[in-house]
Structures are given as C-alpha cells and as structure tokens.
>>> print(open('protein00.cif').read())   # mmCIF, C-alpha atoms
data_data
#
loop_
_atom_site.label_atom_id
_atom_site.label_comp_id
_atom_site.auth_asym_id
_atom_site.auth_seq_id
_atom_site.Cartn_x
_atom_site.Cartn_y
_atom_site.Cartn_z
CA MET A 111 10.67 -12.12 12.63
CA ASN A 112 9.63 -11.32 11.21
CA VAL A 113 -4.20 12.57 4.86
CA THR A 114 -3.01 13.41 2.25
CA GLU A 115 -4.92 16.69 2.50
CA GLN A 116 -7.30 17.01 -0.42
CA HIS A 117 -7.18 20.19 -2.41
CA GLY A 118 -9.76 21.62 -4.76
CA ARG A 119 -11.26 19.47 -7.51
CA PRO A 120 -9.65 21.47 -10.35
CA VAL A 121 -6.20 20.92 -8.85
CA ARG A 122 -6.82 17.21 -8.48
CA ALA A 123 -7.99 16.96 -12.07
CA LEU A 124 -4.92 18.83 -13.34
CA LEU A 125 -2.59 16.62 -11.29
CA ALA A 126 -4.25 13.48 -12.61
CA VAL A 127 -3.64 14.63 -16.19
CA LEU A 128 -0.02 15.51 -15.46
CA VAL A 129 0.64 12.18 -13.79
CA ALA A 130 -0.90 10.26 -16.70
CA LEU A 131 1.36 12.11 -19.14
CA ALA A 132 4.50 11.83 -17.05
CA MET A 133 4.20 8.36 -15.52
CA PRO A 134 6.30 6.41 -18.03
CA LEU A 135 9.16 8.89 -17.56
CA MET A 136 9.03 9.16 -13.76
CA GLY A 137 10.71 7.12 -11.08
CA VAL A 138 8.14 5.32 -9.00
CA SER A 139 8.71 7.35 -5.84
CA ALA A 140 7.95 10.56 -7.68
CA ALA A 141 5.06 8.89 -9.46
CA HIS A 142 3.58 7.65 -6.18
CA ALA A 143 3.92 11.07 -4.60
CA ALA A 144 2.12 12.72 -7.50
CA MET A 145 -0.65 10.12 -7.47
CA SER A 146 -1.07 10.62 -3.73
CA ALA A 147 -2.06 14.20 -4.45
CA GLY A 148 -4.60 13.07 -7.03
CA THR A 149 -7.45 10.60 -6.92
CA ARG A 150 -5.72 7.22 -7.15
CA VAL A 151 -5.42 4.76 -4.27
CA SER A 152 -3.26 1.73 -3.71
CA ALA A 153 -5.24 -1.51 -3.82
CA TRP A 154 -2.35 -3.90 -3.10
CA SER A 155 1.34 -3.27 -2.50
CA PRO A 156 3.88 -5.51 -0.74
CA SER A 157 7.20 -4.11 0.40
CA MET A 158 10.23 -5.42 -1.49
CA THR A 159 13.73 -6.51 -0.49
CA THR A 160 16.82 -8.03 -2.07
CA GLY A 161 18.04 -11.62 -2.14
CA GLY A 162 15.55 -13.37 -4.43
CA PRO A 163 16.44 -16.11 -6.93
CA SER A 164 17.48 -15.54 -10.53
CA PHE A 165 15.18 -16.28 -13.49
CA GLU A 166 15.94 -16.91 -17.16
CA ASN A 167 13.49 -17.67 -19.99
CA GLN A 168 10.72 -18.13 -17.43
CA THR A 169 7.24 -16.76 -16.81
CA ILE A 170 6.24 -15.85 -13.26
CA ARG A 171 2.50 -15.72 -12.53
CA MET A 172 1.54 -14.01 -9.25
CA VAL A 173 -1.73 -13.51 -7.40
CA VAL A 174 -2.86 -9.98 -6.51
CA HIS A 175 -5.60 -9.63 -3.88
CA PRO A 176 -7.11 -6.09 -4.12
CA SER A 177 -8.53 -4.46 -1.00
CA VAL A 178 -10.70 -2.03 -2.95
CA ALA A 179 -12.65 -1.74 -6.20
CA GLY A 180 -11.63 0.55 -9.02
CA SER A 181 -10.74 0.99 -12.68
CA GLU A 182 -7.85 2.25 -14.84
CA ALA A 183 -5.46 -0.09 -13.05
CA ARG A 184 -1.72 0.46 -13.03
CA ILE A 185 0.89 -2.13 -12.04
CA THR A 186 4.20 -1.23 -10.37
CA LEU A 187 7.26 -3.33 -11.21
CA SER A 188 10.32 -2.96 -9.01
CA ASN A 189 13.99 -3.59 -9.70
CA ARG A 190 14.83 -1.46 -6.68
CA TYR A 191 16.96 -4.04 -4.89
CA SER A 192 18.66 -5.68 -7.87
CA ALA A 193 22.14 -5.04 -9.23
CA GLN A 194 21.46 -5.32 -12.97
CA PRO A 195 18.80 -4.14 -15.43
CA LEU A 196 15.63 -6.20 -15.69
CA ARG A 197 14.08 -6.87 -19.11
CA VAL A 198 10.39 -7.75 -19.05
CA ALA A 199 9.44 -9.02 -22.50
CA ALA A 200 5.75 -9.51 -21.70
CA ALA A 201 3.53 -8.44 -18.82
CA VAL A 202 -0.07 -9.59 -18.61
CA VAL A 203 -2.91 -9.14 -16.13
CA ALA A 204 -6.07 -11.26 -15.95
CA VAL A 205 -8.82 -12.22 -13.56
CA GLN A 206 -7.99 -15.40 -11.66
CA ALA A 207 -10.28 -18.36 -12.31
CA SER A 208 -8.59 -20.71 -9.85
CA GLY A 209 -5.01 -21.41 -8.94
CA GLY A 210 -2.77 -20.30 -11.78
CA ALA A 211 -5.58 -20.35 -14.37
CA ALA A 212 -7.00 -17.12 -15.79
CA GLU A 213 -10.65 -16.45 -16.53
CA PRO A 214 -10.95 -16.75 -20.33
CA GLY A 215 -11.45 -13.44 -22.08
CA THR A 216 -10.03 -11.33 -19.25
CA THR A 217 -6.37 -11.24 -20.32
CA ARG A 218 -4.96 -7.75 -20.85
CA HIS A 219 -1.41 -6.93 -21.97
CA LEU A 220 0.37 -4.27 -19.95
CA THR A 221 2.26 -1.49 -21.70
CA PHE A 222 4.88 0.93 -20.44
CA GLY A 223 4.96 4.25 -22.24
CA GLY A 224 3.08 2.54 -25.07
CA SER A 225 5.53 -0.36 -25.41
CA ASP A 226 4.67 -3.96 -24.55
CA GLN A 227 8.21 -4.50 -23.27
CA VAL A 228 10.23 -2.63 -20.67
CA THR A 229 13.74 -2.61 -19.29
CA ILE A 230 14.04 -1.38 -15.72
CA ALA A 231 17.43 -0.10 -14.60
CA ALA A 232 19.04 -1.48 -11.48
CA GLY A 233 17.70 0.30 -8.43
CA GLU A 234 14.65 1.65 -10.26
CA GLU A 235 10.92 0.97 -10.54
CA THR A 236 8.35 1.61 -13.25
CA VAL A 237 4.58 2.02 -13.39
CA SER A 238 2.55 0.63 -16.28
CA ASP A 239 0.13 2.55 -18.45
CA THR A 240 -3.45 2.16 -17.31
CA VAL A 241 -5.09 -1.12 -18.30
CA PRO A 242 -8.84 -1.54 -18.87
CA ILE A 243 -9.55 -4.35 -16.46
CA PRO A 244 -12.18 -4.08 -13.72
CA VAL A 245 -10.80 -4.41 -10.20
CA GLU A 246 -13.23 -5.67 -7.58
CA THR A 247 -12.68 -5.84 -3.85
CA GLU A 248 -11.11 -9.22 -3.00
CA GLN A 249 -11.45 -10.56 -6.57
CA ASN A 250 -8.01 -11.94 -7.32
CA LEU A 251 -6.01 -10.92 -10.36
CA LEU A 252 -3.08 -12.76 -11.92
CA VAL A 253 -0.04 -10.80 -13.10
CA SER A 254 2.34 -12.71 -15.37
CA LEU A 255 5.85 -11.55 -16.29
CA TYR A 256 7.99 -13.19 -18.97
CA LEU A 257 11.70 -12.72 -18.19
CA PRO A 258 13.77 -13.84 -21.21
CA GLU A 259 17.26 -13.08 -19.90
CA ALA A 260 19.11 -14.05 -16.74
CA THR A 261 17.97 -11.61 -14.09
CA GLY A 262 20.55 -12.12 -11.38
CA THR A 263 19.43 -11.69 -7.79
CA SER A 264 15.79 -10.63 -7.89
CA THR A 265 13.90 -7.93 -6.06
CA TRP A 266 11.24 -9.86 -4.19
CA HIS A 267 8.93 -10.22 -1.22
CA SER A 268 9.97 -13.48 0.35
CA ASP A 269 6.95 -14.35 2.50
CA ALA A 270 3.87 -13.87 0.33
CA PHE A 271 1.63 -16.41 2.09
CA ASP A 272 0.15 -16.94 -1.34
CA THR A 273 1.07 -19.13 -4.30
CA THR A 274 3.17 -17.96 -7.24
CA TYR A 275 3.32 -20.10 -10.40
CA VAL A 276 6.42 -20.49 -12.60
CA SER A 277 6.83 -21.91 -16.12
CA ASN A 278 9.69 -22.30 -18.57
CA GLY A 279 9.38 -20.14 -21.69
CA ASP A 280 6.83 -17.45 -22.50
CA HIS A 281 3.40 -18.41 -21.19
CA ALA A 282 2.34 -14.96 -19.98
CA SER A 283 -0.75 -14.94 -22.22
CA ASP A 284 -1.92 -18.47 -21.42
CA ASP A 285 -5.32 -18.82 -19.79
CA SER A 286 -4.42 -22.34 -18.76
CA ALA A 287 -2.06 -23.08 -15.89
CA ALA A 288 -0.79 -26.28 -17.54
CA ALA A 289 2.65 -24.86 -18.36
CA PHE A 290 3.18 -23.58 -14.82
CA THR A 291 4.71 -26.71 -13.38
CA SER A 292 6.47 -25.23 -10.34
CA ALA A 293 5.39 -22.91 -7.57
CA SER A 294 6.69 -20.82 -4.70
CA THR A 295 5.30 -18.65 -1.92
CA SER A 296 7.07 -15.38 -2.84
CA TRP A 297 6.37 -12.40 -5.10
CA TYR A 298 9.03 -11.26 -7.59
CA TYR A 299 9.42 -7.75 -9.02
CA LEU A 300 5.68 -7.08 -8.54
CA ALA A 301 5.34 -4.18 -6.10
CA GLY A 302 1.86 -2.71 -6.47
CA LEU A 303 -1.56 -2.28 -7.99
CA ASN A 304 -3.21 1.14 -7.88
CA VAL A 305 -6.55 2.21 -9.28
CA GLU A 306 -8.96 5.01 -9.86
CA PRO A 307 -11.24 3.99 -6.97
CA ALA A 308 -14.94 3.37 -7.33
CA THR A 309 -15.69 5.03 -3.99
CA ALA A 310 -12.56 5.12 -1.80
CA HIS A 311 -10.81 8.35 -0.90
CA GLY A 312 -7.62 7.15 0.76
CA THR A 313 -5.16 4.37 1.53
CA VAL A 314 -4.29 2.94 4.93
CA VAL A 315 -0.78 1.48 5.10
CA ALA A 316 -0.15 -1.24 7.69
CA PHE A 317 3.58 -0.89 8.29
CA GLY A 318 5.48 -3.47 10.28
CA ASP A 319 7.32 -6.75 10.53
CA SER A 320 6.36 -10.43 10.26
CA ILE A 321 3.20 -10.13 12.32
CA THR A 322 1.90 -7.59 9.81
CA ASP A 323 3.36 -9.59 6.91
CA GLY A 324 1.19 -12.50 8.06
CA TYR A 325 3.66 -15.05 9.36
CA HIS A 326 1.80 -18.21 10.42
CA SER A 327 -1.42 -17.07 8.72
CA THR A 328 -2.86 -19.72 6.41
CA THR A 329 -1.44 -19.52 2.88
CA GLY A 330 -3.87 -18.31 0.23
CA THR A 331 -6.67 -17.42 2.66
CA TYR A 332 -5.87 -13.71 3.16
CA THR A 333 -6.06 -13.90 6.94
CA ARG A 334 -3.35 -11.41 7.85
CA TRP A 335 -4.60 -8.71 10.22
CA PRO A 336 -4.47 -6.04 7.44
CA ASP A 337 -6.71 -8.33 5.32
CA PHE A 338 -9.26 -8.55 8.12
CA LEU A 339 -9.03 -4.77 8.63
CA ALA A 340 -9.72 -4.21 4.92
CA ARG A 341 -12.84 -6.39 5.17
CA ARG A 342 -14.08 -4.43 8.17
CA LEU A 343 -13.68 -1.18 6.24
CA ALA A 344 -15.39 -2.65 3.17
CA ASP A 345 -18.29 -3.88 5.32
CA GLU A 346 -18.91 -0.48 6.90
CA PRO A 347 -22.30 1.07 6.00
CA GLY A 348 -22.21 3.10 2.81
CA PRO A 349 -19.58 3.15 0.06
CA GLN A 350 -16.09 1.89 0.89
CA LYS A 351 -13.94 4.86 1.89
CA LEU A 352 -10.46 3.37 2.38
CA SER A 353 -8.18 0.72 0.91
CA VAL A 354 -5.60 -1.14 2.99
CA VAL A 355 -2.14 -2.25 1.89
CA ASP A 356 0.32 -4.42 3.79
CA ALA A 357 3.86 -3.03 4.11
CA GLY A 358 5.07 -5.70 6.50
CA ILE A 359 8.42 -7.47 6.08
CA GLY A 360 9.36 -10.46 8.19
CA GLY A 361 12.28 -9.73 10.50
CA ASN A 362 12.26 -6.00 9.79
CA ARG A 363 13.53 -3.50 12.38
CA VAL A 364 12.90 0.17 13.03
CA LEU A 365 16.45 1.38 13.61
CA THR A 366 18.88 -0.94 11.83
CA ASP A 367 19.14 -3.09 8.72
CA VAL A 368 18.79 -6.84 9.25
CA PRO A 369 21.82 -9.02 8.40
CA ASN A 370 19.53 -11.28 6.35
CA PRO A 371 19.00 -9.08 3.25
CA TRP A 372 15.55 -10.50 2.43
CA GLN A 373 14.29 -9.06 5.74
CA GLY A 374 14.80 -5.54 4.52
CA VAL A 375 16.47 -2.27 5.26
CA SER A 376 15.37 -0.44 8.40
CA ALA A 377 12.04 1.29 8.77
CA LEU A 378 13.95 4.57 8.97
CA LYS A 379 15.26 3.91 5.44
CA ARG A 380 12.13 2.45 3.82
CA PHE A 381 9.28 4.40 5.44
CA ARG A 382 9.16 7.26 2.91
CA HIS A 383 8.98 4.86 -0.03
CA ASP A 384 7.00 1.92 1.33
CA ALA A 385 4.48 3.90 3.39
CA LEU A 386 4.40 7.57 2.42
CA GLY A 387 4.96 6.78 -1.28
CA GLN A 388 1.67 4.88 -1.61
CA PRO A 389 -0.96 6.47 -3.87
CA GLY A 390 -3.66 8.15 -1.79
CA VAL A 391 -2.00 7.44 1.56
CA SER A 392 -4.00 9.01 4.38
CA ASP A 393 -3.02 6.94 7.44
CA VAL A 394 -0.10 4.75 8.43
CA ILE A 395 -0.45 2.21 11.24
CA LEU A 396 3.06 1.81 12.67
CA PHE A 397 3.50 -1.55 14.39
CA GLU A 398 7.18 -2.43 14.55
CA GLY A 399 9.98 -2.68 17.08
CA ILE A 400 9.87 -6.18 18.60
CA ASN A 401 12.78 -7.27 16.37
CA ASP A 402 14.87 -4.34 17.59
CA ILE A 403 14.10 -5.37 21.17
CA GLY A 404 14.50 -9.11 20.69
CA ASN A 405 17.89 -8.67 18.99
CA ASN A 406 19.00 -5.90 21.38
CA ALA A 407 19.81 -3.98 18.19
CA GLY A 408 20.54 -0.38 19.08
CA PRO A 409 22.01 2.28 16.81
CA ASP A 410 25.63 1.96 15.71
CA GLY A 411 25.89 -1.59 16.96
CA GLY A 412 25.26 -0.73 20.59
CA PRO A 413 22.66 -2.16 22.97
CA LEU A 414 19.10 -0.95 22.57
CA THR A 415 17.34 1.39 24.97
CA ALA A 416 13.67 2.31 25.08
CA GLN A 417 14.66 5.88 24.23
CA ASP A 418 16.41 4.70 21.06
CA LEU A 419 13.20 3.12 19.83
CA ILE A 420 11.11 6.11 20.88
CA ASP A 421 13.46 8.44 18.98
CA GLY A 422 13.01 6.22 15.91
CA TYR A 423 9.23 6.44 16.21
CA ARG A 424 9.44 10.23 16.53
CA THR A 425 11.45 10.41 13.30
CA LEU A 426 8.82 8.37 11.43
CA ILE A 427 5.96 10.39 12.93
CA ASP A 428 7.66 13.63 11.83
CA GLN A 429 8.07 12.25 8.29
CA ALA A 430 4.40 11.28 8.17
CA HIS A 431 3.22 14.65 9.43
CA ALA A 432 5.47 16.49 6.95
CA ALA A 433 3.63 14.55 4.23
CA HIS A 434 0.22 15.41 5.80
CA VAL A 435 -0.31 11.74 6.71
CA ARG A 436 -1.70 10.57 10.04
CA ALA A 437 0.52 8.25 12.09
CA ILE A 438 -1.32 5.68 14.21
CA GLY A 439 0.81 3.88 16.78
CA ALA A 440 0.30 0.26 17.82
CA THR A 441 1.63 -1.20 21.05
CA LEU A 442 4.05 -4.13 20.85
CA MET A 443 2.59 -7.52 21.71
CA PRO A 444 3.96 -9.88 24.39
CA ASP A 445 6.40 -12.67 23.57
CA LYS A 446 7.14 -14.59 26.77
CA GLY A 447 8.12 -18.16 25.86
CA ASN A 448 9.76 -17.05 22.62
CA GLY A 449 13.53 -16.78 22.33
CA TYR A 450 13.24 -13.00 22.18
CA TYR A 451 11.99 -12.80 25.75
CA THR A 452 14.22 -11.73 28.62
CA PRO A 453 13.35 -9.64 31.68
CA ALA A 454 15.47 -6.78 30.29
CA ALA A 455 13.75 -6.97 26.88
CA GLU A 456 10.35 -7.04 28.59
CA GLU A 457 11.25 -3.89 30.51
CA ILE A 458 12.03 -2.09 27.25
CA ARG A 459 8.79 -3.33 25.67
CA GLN A 460 6.75 -2.08 28.62
CA SER A 461 8.51 1.31 28.59
CA VAL A 462 7.96 1.73 24.85
CA ASN A 463 4.30 0.72 25.13
CA GLY A 464 3.78 3.16 27.98
CA TRP A 465 5.18 5.95 25.76
CA ILE A 466 3.01 4.94 22.78
CA ARG A 467 -0.11 5.04 24.98
CA SER A 468 0.57 8.25 26.89
CA SER A 469 2.90 10.55 24.94
CA GLY A 470 0.35 11.97 22.50
CA ALA A 471 3.00 11.80 19.77
CA PHE A 472 0.83 9.59 17.57
CA ASP A 473 -2.46 10.72 16.04
CA GLY A 474 -4.12 7.68 17.57
CA VAL A 475 -3.23 4.46 19.35
CA ILE A 476 -4.21 0.80 18.77
CA ASP A 477 -3.52 -1.24 21.89
CA PHE A 478 -2.63 -4.64 20.42
CA ASP A 479 -0.80 -5.53 23.64
CA ARG A 480 -3.94 -5.18 25.76
CA VAL A 481 -6.08 -7.19 23.35
CA MET A 482 -3.61 -10.00 22.63
CA ARG A 483 -1.96 -10.69 26.00
CA ASP A 484 -2.78 -13.61 28.27
CA PRO A 485 -5.03 -12.37 31.10
CA ALA A 486 -3.28 -14.80 33.44
CA ASP A 487 0.24 -13.77 32.34
CA PRO A 488 0.38 -10.33 30.66
CA ALA A 489 3.92 -10.89 29.44
CA ALA A 490 2.70 -13.77 27.25
CA LEU A 491 0.49 -14.03 24.18
CA ASN A 492 -3.05 -15.26 24.85
CA PRO A 493 -3.00 -19.04 24.19
CA GLU A 494 -6.25 -18.68 22.23
CA TYR A 495 -4.37 -16.59 19.67
CA ASP A 496 -0.91 -18.19 19.78
CA SER A 497 0.26 -19.90 16.57
CA GLY A 498 2.64 -21.95 18.69
CA ASP A 499 5.83 -19.87 18.70
CA HIS A 500 4.55 -17.46 21.39
CA ILE A 501 5.04 -14.36 19.28
CA HIS A 502 3.00 -14.75 16.05
CA PRO A 503 -0.81 -14.93 16.18
CA ASP A 504 -2.76 -17.62 14.38
CA ASP A 505 -5.66 -16.74 12.05
CA ALA A 506 -8.00 -16.15 15.00
CA GLY A 507 -5.42 -13.86 16.56
CA MET A 508 -5.04 -11.94 13.31
CA ARG A 509 -8.81 -11.37 13.29
CA ALA A 510 -8.71 -10.21 16.93
CA MET A 511 -6.00 -7.70 16.04
CA ALA A 512 -8.07 -6.24 13.21
CA ASP A 513 -11.12 -6.11 15.47
CA ALA A 514 -9.07 -4.08 17.97
CA VAL A 515 -8.72 -1.18 15.51
CA ASP A 516 -11.17 1.64 16.23
CA LEU A 517 -12.20 2.54 12.68
CA ARG A 518 -12.88 6.11 13.82
CA LEU A 519 -9.09 6.54 13.94
CA LEU A 520 -8.88 6.20 10.17
CA HIS A 521 -9.78 9.13 7.97
CA PRO A 522 -10.17 9.20 4.18
#
>>> encode(input="protein00.cif", output="structure tokens")
Amino acid sequence: MNVTEQHGRPVRALLAVLVALAMPLMGVSAAHAAMSAGTRVSAWSPSMTTGGPSFENQTIRMVVHPSVAGSEARITLSNRYSAQPLRVAAAVVAVQASGGAAEPGTTRHLTFGGSDQVTIAAGEETVSDTVPIPVETEQNLLVSLYLPEATGTSTWHSDAFDTTYVSNGDHASDDSAAAFTSASTSWYYLAGLNVEPATAHGTVVAFGDSITDGYHSTTGTYTRWPDFLARRLADEPGPQKLSVVDAGIGGNRVLTDVPNPWQGVSALKRFRHDALGQPGVSDVILFEGINDIGNNAGPDGGPLTAQDLIDGYRTLIDQAHAAHVRAIGATLMPDKGNGYYTPAAEEIRQSVNGWIRSSGAFDGVIDFDRVMRDPADPAALNPEYDSGDHIHPDDAGMRAMADAVDLRLLHP
C-alpha cells in the first residue's frame, strides 16, 4: 500500500533576495529551507522514489495541478534517487489546454542559473529560475522535459493518478500533443512547483502512504483527500491562506524501507526532505503506519509493537517542532477484510490510535478512523466508502476524509 514562524518583514525581504541569488548554486534541501523562511509556498510537490524506467531522446510532458494561485513560479527537478547524472536539454512550462496540448501563447522556457539546459548530478536536485507564468488555483500546467541521453533508472513518482505524455525526439516546445504518442500514469524527475503566493501564507503537507497518494481515486479527476482538503481551504471565506501538497507514497512505512524500491525509503528517512523541506511549510498531517502494521515490520527486522510505531511518531513530531512546524496526527483507518488484517494487527492499530487521540504529543488530531469505519463493524471500512479492497477509500471516501479535517487545526 500503499509554522514556520514568521519573522519581521525586513528579514523576509532580505531572505527572499538571498534565495533568488543563491538558488542555482544550492542543493534543493537547502533551497527549500531558505524559501520556507521567506514568502514562497509550495503549490504542488509529489514525493519521489527510485526504480523508474530509462529514457533516451524523448520528451516527457507532465500535468501539474496547483493547489494555490501565485506568480514567479519555480520548478524543482529531482535526480535524487538516480545513479547517474541527468541532462535536461530543454524544459518548458505552459498552461494546459486539454490532455497533452498546451494553450497557444503560454509556453515559457525554463532556465537554470540563466542556462536553458541543466545537468543534475546523481543524488541531487535543482530549482529553476523564476518563470513569468501565472499560476491559478486548480488550473493545470504542463511541464515538458527533453532528455537527449540515456538516463538509466529514473527518479519518479510511480502512482500519479494523472496522465503523462511521452514523445520521441525534442517536442518540449510543441503546443500540439500530436507527437506524444504514448502515455503513462507516473511523474518523472518533476518534484515540485513553488510560487510567490497571491494570498497564501503557508503550506500544509499531507504526509502518508497510498491512501494519501490517492490509490483507487479516479485518474485525472484530482479526488485524493488532499485535493479535497485544498478545495475546502480555497473555498473558505476571504483570501486563500494555505496551499496543500501531497507527500504520499504507495506502500510507504514509518520505520523501515520497503523492499519494492518505488515505494520509498522510510518516513524516518524522508520526512525532513519531503515534508519539512517544502517552501512555506506550516503544518504536516501525519497519516502513516498501516503498512508497518500490515507487514509486521518492526525495527531491525523484528516484529512490530505499538510502542515501536509510537516511538517513530515521536521522532517525526520532534523533527517538526524543531523546525517550528505543527504536527497533526491522523488515526489509522480500519482494514478488516483486507489481507493486512489479523486480530494481532488490529490490537496494534487500536493501541496506536488510542495513543494518537489521548497522548497530547501531536498539535492536533484528525480522527479518520472514527469517520471512516463501518458503524456495524468498527474494525472494517464503511462500505459506503470502500473502493473494494477494504483498505482504500473510493472518491466519496476521499471526500469524507477531507471533510473530517477541522480547518481550525491548520494555521498559516
């Protein structure tokens, strides 16, 4: 399966200038941290893993679905989980017309330190120069990358639940989608879009596994629970105050790496980068642990205990608080009828949920378990929300999850 505290305006202005000057020379983690102290927010940012396919003399065109409006956009490209340098010979952003077609006249070429090409070392990431393209809430953009040389195993996000378009040769600047004759449902090398926000003051990171990633949500409809949460925040009276980004990875675990490499390193390893490294991060919603329980995956190869998982949560909470970020805990949802379910696993889930609700360790709690369980059988998912595998919600369930979030818990 799958706040930041704001300082005085002069300091923010100075930091923004320093980041703009230093960005092409900085690693992305440092760049994200600096931007978090300034005025930028993350509008879209999937978590990346290893294990993607290789490309050669191909253009990849990917859909970006921003959760917030802004300007002065920057794109993050990641080679973090690849073993060889990545050469990007052209990178283009445009407003999506439909499918893989761009709105004529909206194409903008990305530059990196003033150059229209970039080579990203293995294990590294880079952030583009700002690009003058308007970013509107939920108005899709297309990002096209031309990769002239064999890339080897790609850094990717396997389960995009959106369509990516692929062509042979360099078609990054094409408005038409005619050359893009194949498609997939993954993102490759594209790890973020951040903006100078029109009104927002912070970023909420939804951090989790396949339920957060959107498994069984309808492809191309943006019906993951973080998508619905972003719409709720955008529809609040007054200017939009927060963006939402989805840092879910299918199959991911809190304590241990998953044997399938495309399901990611553990939350303990990726939390600082994927959650706390987001520009403008103010709140993280931590909703992960069912894969640890279902696989009985304790530390050092041993069986899992509730205390193991609680200790993992405490480590992540401490990291968030050290970064002046609020940690919101979410209870783990029921899974009776799924292969993960056993009486012993259910006992751990109930113990962990009891701690999340009552310990006071988190800055707030979202009780997904209470909202999503079957009233007639609390160990099972409500049939009205069950996608069919008894662990992942359908689109209606994803909406119910987002509706369960008390927006007063989230603070720009």
>>> residues_around(input="protein00.cif", residues="Arg459 of chain A", least_positions_apart="2", cutoff="8 Å", atoms="only C-alpha atoms", output="PyMOL selection string")
chain A and resi 400+403+416+442+455-457+461-463
>>> resolve_selection(input="protein00.cif", expression="the PyMOL selection byres ((chain A and resi 360-370) around 8)", output="PyMOL selection string")
chain A and resi 111-112+269+318-321+323+325+358-359+371-378+398-402+407-409+419+422-423
>>> closest_atom_pairs(input="protein00.cif", of="segment 394-423 of chain A", to="segment 332-349 of chain A", cutoff="12 Å", atoms="only C-alpha atoms", output="tab-separated table")
residue	atom	partner	partner_atom	distance
A:Val394	CA	A:Pro336	CA	11.7
A:Ile395	CA	A:Pro336	CA	9.9
A:Phe397	CA	A:Pro336	CA	11.5
>>> write_last_selection(input="protein00.cif", atoms="C-alpha atoms", output="PDB file, in the frame of the given file")
ATOM      1  CA  VAL A 394      -0.100   4.750   8.430  1.00  0.00           C
ATOM      2  CA  ILE A 395      -0.450   2.210  11.240  1.00  0.00           C
ATOM      3  CA  PHE A 397       3.500  -1.550  14.390  1.00  0.00           C
TER       4      PHE A 397
END
>>> closest_residue(input="protein00.cif", among="A:Ser292, A:Gln388, A:Ser268, A:Asn304", to="Ser177 of chain A", atoms="only C-alpha atoms")
A:Asn304
>>> atom_distance(input="protein00.cif", atom1="atom CA of Val178 of chain A", atom2="atom CA of Thr313 of chain A")
9.6 Å
>>> resolve_selection(input="protein00.cif", expression="the PyMOL selection byres ((chain A and resi 183-191) around 9)", output="ChimeraX atom specification")
/A:138,155,158-161,180-182,192-196,203,220,230-245,253,263-266,298-306
>>> closest_residue(input="protein00.cif", among="A:Thr322, A:Ser152, A:Ser497, A:Gln206", to="Leu396 of chain A", atoms="all atoms listed in the file")
A:Thr322
>>> closest_residue(input="protein00.cif", among="A:Arg171, A:Lys351, A:Arg480, A:His219", to="Ala293 of chain A", atoms="only C-alpha atoms")
A:Arg171
>>> closest_residue(input="protein00.cif", among="A:Gln460, A:Thr328, A:Ser353, A:Thr425", to="Asp504 of chain A", atoms="all atoms listed in the file")
A:Thr328
>>> atom_distance(input="protein00.cif", atom1="atom CA of Pro307 of chain A", atom2="atom CA of Val173 of chain A")
19.9 Å
>>> axis_aligned_box(input="protein00.cif", around="segment 437-456 of chain A", padding_each_side="8 Å", output="lines of an AutoDock Vina configuration file")
center_x = 7.1
center_y = -5.0
center_z = 21.9
size_x = 32.8
size_y = 42.4
size_z = 35.6
>>> closest_residue(input="protein00.cif", among="A:Asp284, A:Ala199, A:Glu213, A:Phe317", to="Val355 of chain A", atoms="only C-alpha atoms")
A:Phe317
>>> closest_residue(input="protein00.cif", among="A:Ile458, A:Ile420, A:Val475, A:Met443", to="Asp496 of chain A", atoms="all atoms listed in the file")
A:Met443
>>> decode(input="protein00.cif", residues="segment 177-182 of chain A", atoms="all heavy atoms", output="PDB file, in the first residue's frame")
ATOM      1  N   SER A 177      -2.421  23.835  -6.103  1.00  0.00           N
ATOM      2  CA  SER A 177      -3.440  23.993  -5.063  1.00  0.00           C
ATOM      3  C   SER A 177      -3.628  25.442  -4.654  1.00  0.00           C
ATOM      4  O   SER A 177      -4.489  25.738  -3.814  1.00  0.00           O
ATOM      5  CB  SER A 177      -3.062  23.184  -3.821  1.00  0.00           C
ATOM      6  OG  SER A 177      -1.872  23.692  -3.220  1.00  0.00           O
ATOM      7  N   VAL A 178      -2.853  26.350  -5.246  1.00  0.00           N
ATOM      8  CA  VAL A 178      -2.880  27.742  -4.818  1.00  0.00           C
ATOM      9  C   VAL A 178      -2.441  28.633  -5.975  1.00  0.00           C
ATOM     10  O   VAL A 178      -1.708  28.187  -6.865  1.00  0.00           O
ATOM     11  CB  VAL A 178      -1.955  27.941  -3.584  1.00  0.00           C
ATOM     12  CG1 VAL A 178      -0.493  27.847  -3.978  1.00  0.00           C
ATOM     13  CG2 VAL A 178      -2.236  29.237  -2.843  1.00  0.00           C
ATOM     14  N   ALA A 179      -2.893  29.874  -5.971  1.00  0.00           N
ATOM     15  CA  ALA A 179      -2.514  30.831  -7.004  1.00  0.00           C
ATOM     16  C   ALA A 179      -1.239  31.570  -6.614  1.00  0.00           C
ATOM     17  O   ALA A 179      -0.943  31.753  -5.435  1.00  0.00           O
ATOM     18  CB  ALA A 179      -3.647  31.831  -7.234  1.00  0.00           C
ATOM     19  N   GLY A 180      -0.491  31.993  -7.635  1.00  0.00           N
ATOM     20  CA  GLY A 180       0.722  32.745  -7.354  1.00  0.00           C
ATOM     21  C   GLY A 180       1.429  33.156  -8.633  1.00  0.00           C
ATOM     22  O   GLY A 180       0.917  32.995  -9.739  1.00  0.00           O
ATOM     23  N   SER A 181       2.614  33.687  -8.478  1.00  0.00           N
ATOM     24  CA  SER A 181       3.426  34.159  -9.603  1.00  0.00           C
ATOM     25  C   SER A 181       4.880  33.781  -9.349  1.00  0.00           C
ATOM     26  O   SER A 181       5.211  33.151  -8.340  1.00  0.00           O
ATOM     27  CB  SER A 181       3.287  35.682  -9.759  1.00  0.00           C
ATOM     28  OG  SER A 181       3.729  36.326  -8.572  1.00  0.00           O
ATOM     29  N   GLU A 182       5.758  34.176 -10.272  1.00  0.00           N
ATOM     30  CA  GLU A 182       7.196  33.910 -10.122  1.00  0.00           C
ATOM     31  C   GLU A 182       7.434  32.427  -9.824  1.00  0.00           C
ATOM     32  O   GLU A 182       8.126  32.059  -8.880  1.00  0.00           O
ATOM     33  CB  GLU A 182       7.796  34.787  -9.017  1.00  0.00           C
ATOM     34  CG  GLU A 182       7.682  36.277  -9.265  1.00  0.00           C
ATOM     35  CD  GLU A 182       8.422  36.715 -10.518  1.00  0.00           C
ATOM     36  OE1 GLU A 182       9.599  36.347 -10.669  1.00  0.00           O
ATOM     37  OE2 GLU A 182       7.814  37.406 -11.356  1.00  0.00           O
TER      38      GLU A 182
END
